[in-house]
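Undergrad: Before I ask anything, here is the structure I am working with.
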Amino acid sequence: MLGDEGIMTGDELKALRVTIGLSQAELAAAIGMSRESISRMERGKDVIERRTELALRYIATVGLPTERSLALVHREVANVLDDASTRASPSAQRSDALNQALEDWMAAGGSDAGRQLIYRAQGVIGQINVTTPRDAIWNRIMSDLSEVKRDWAVLNQ
């Protein structure tokens with residue numbers, strides 16, 4: 001699939017792009033280029049750099065990264081909160097999951113109210129991670145967790 005000099009040709013670029021089902025604009029967005037650059041490369045007007053070829057081959061192999069939907073992020077945060085309320089023990093995984101959820105929530109265009117609730121959830125989970133049921137503030141932390149869970153459940157995404 002390489003031209004005579006070992007460099008991908010414009011026709012080969014187009015054929016691979018079409019095979020994986022991407023428009024020029026979709027491919028360009030996926031690899032950080034303009035649609036016009038992809039068009040020029042496919043027409044042989046621009047040289048296809050090795051990194052562009054590698055990016056295209058990577059996408060052809062593993063596919064495009066997919067953004068997680070708000071509904072999926074909402075479910076995942078609810079699951080983290082449920083886990084925290086039923087297990088009530090320290091867990092770095094919960095903190096990591098909430099950090100990722102916050103990034104995904106923002107990337108998917110989630111509401112500011114949702115962002116604020118995820119921040120609150122992070123605070124409560126952080127408190128759970130550094131206290132025990134024997135601590136005087138434990139009941140307040142569990143009450144805060146219940147409140148965050150309730151607010152999250154009624155959040156209009």
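Scheme for the structure tokens: letters A, B, ... for chains in order shown; per-chain residue numbers from 1; ligand numbers from 1 in order shown.
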Find the residues around Pro133 of chain A up to 9 Å (only C-alpha atoms counted), leave out those fewer than 4 positions away in its own chain, and share them as a count of residues only.

TA: 6

Undergrad: So the first atom is atom CA of Ala78 of chain A and the second is atom CA of Asn129 of chain A; what is the distance between them in Å, to one decimal place?

TA: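 Atom CA of Asn129 of chain A lies 17.8 Å from atom CA of Ala78 of chain A.
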
Undergrad: Name the residues in contact with Ala30 of chain A at a cut-off of 10 Å, using only C-alpha atoms, excluding same-chain residues fewer than 3 positions from it; report them as a list in words.

TA: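 Selected residues are Leu22, Gln24, Ala25, Glu26, Leu27, Met33, Ser34, Ala55, Leu56, Ile59, Leu64 and Pro65 of chain A.
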
Undergrad: Of the candidates A:Gln122, A:Asn79, A:Ser69, A:Thr86, which shows the shortest atom-to-atom distance to Met106 of chain A, using only C-alpha atoms?

TA: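 Closest to Met106 of chain A, using only C-alpha atoms: A:Ser69.
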
Undergrad: Compile the contact shell of Asn99 of chain A as number ranges by chain: residues with an atom at most 12 Å away, counting only C-alpha atoms, same-chain residues fewer than 4 positions apart removed.

TA: A: 73, 76-77, 80, 92-95, 103-106, 115, 118-123, 125-126

Undergrad: From the options A:Asp11, A:Glu53, A:Asp46, A:Asp82, which residue's atoms come nearest to Met142 of chain A, counting only C-alpha atoms?

TA: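 With only C-alpha atoms as the atom set, the closest residue is A:Asp82.
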
Undergrad: Among segment 116-146 of chain A, which residues does DSSP mark as helix (DSSP H, G or I) when it is run on the backbone? Keep the chain and numbering as in the structure and answer as a count of residues only.

TA: 24

Undergrad: Between A:Ile7, A:Ser23, A:Arg35, A:Asp83, which one has atoms that come closest to Ala97 of chain A, using only C-alpha atoms?

TA: A:Asp83

Undergrad: Which residue gives the smallest distance to Lys14 of chain A among A:Ala101, A:Ala29, A:Arg43, A:Glu36, with only C-alpha atoms counted?

TA: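 Once distances to Lys14 of chain A are computed over only C-alpha atoms, the minimum belongs to A:Arg43.
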
Undergrad: Given the choices A:Ser143, A:Val62, A:Leu70, A:Thr52, which gets closest to Ala107 of chain A if the distance is worked out from only C-alpha atoms?

TA: A:Leu70

Undergrad: Quick check, in Å to one decimal: how far apart do atom CA of Ile48 of chain A and atom CA of Gly10 of chain A lie?

TA: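 A separation of 7.5 Å between them.
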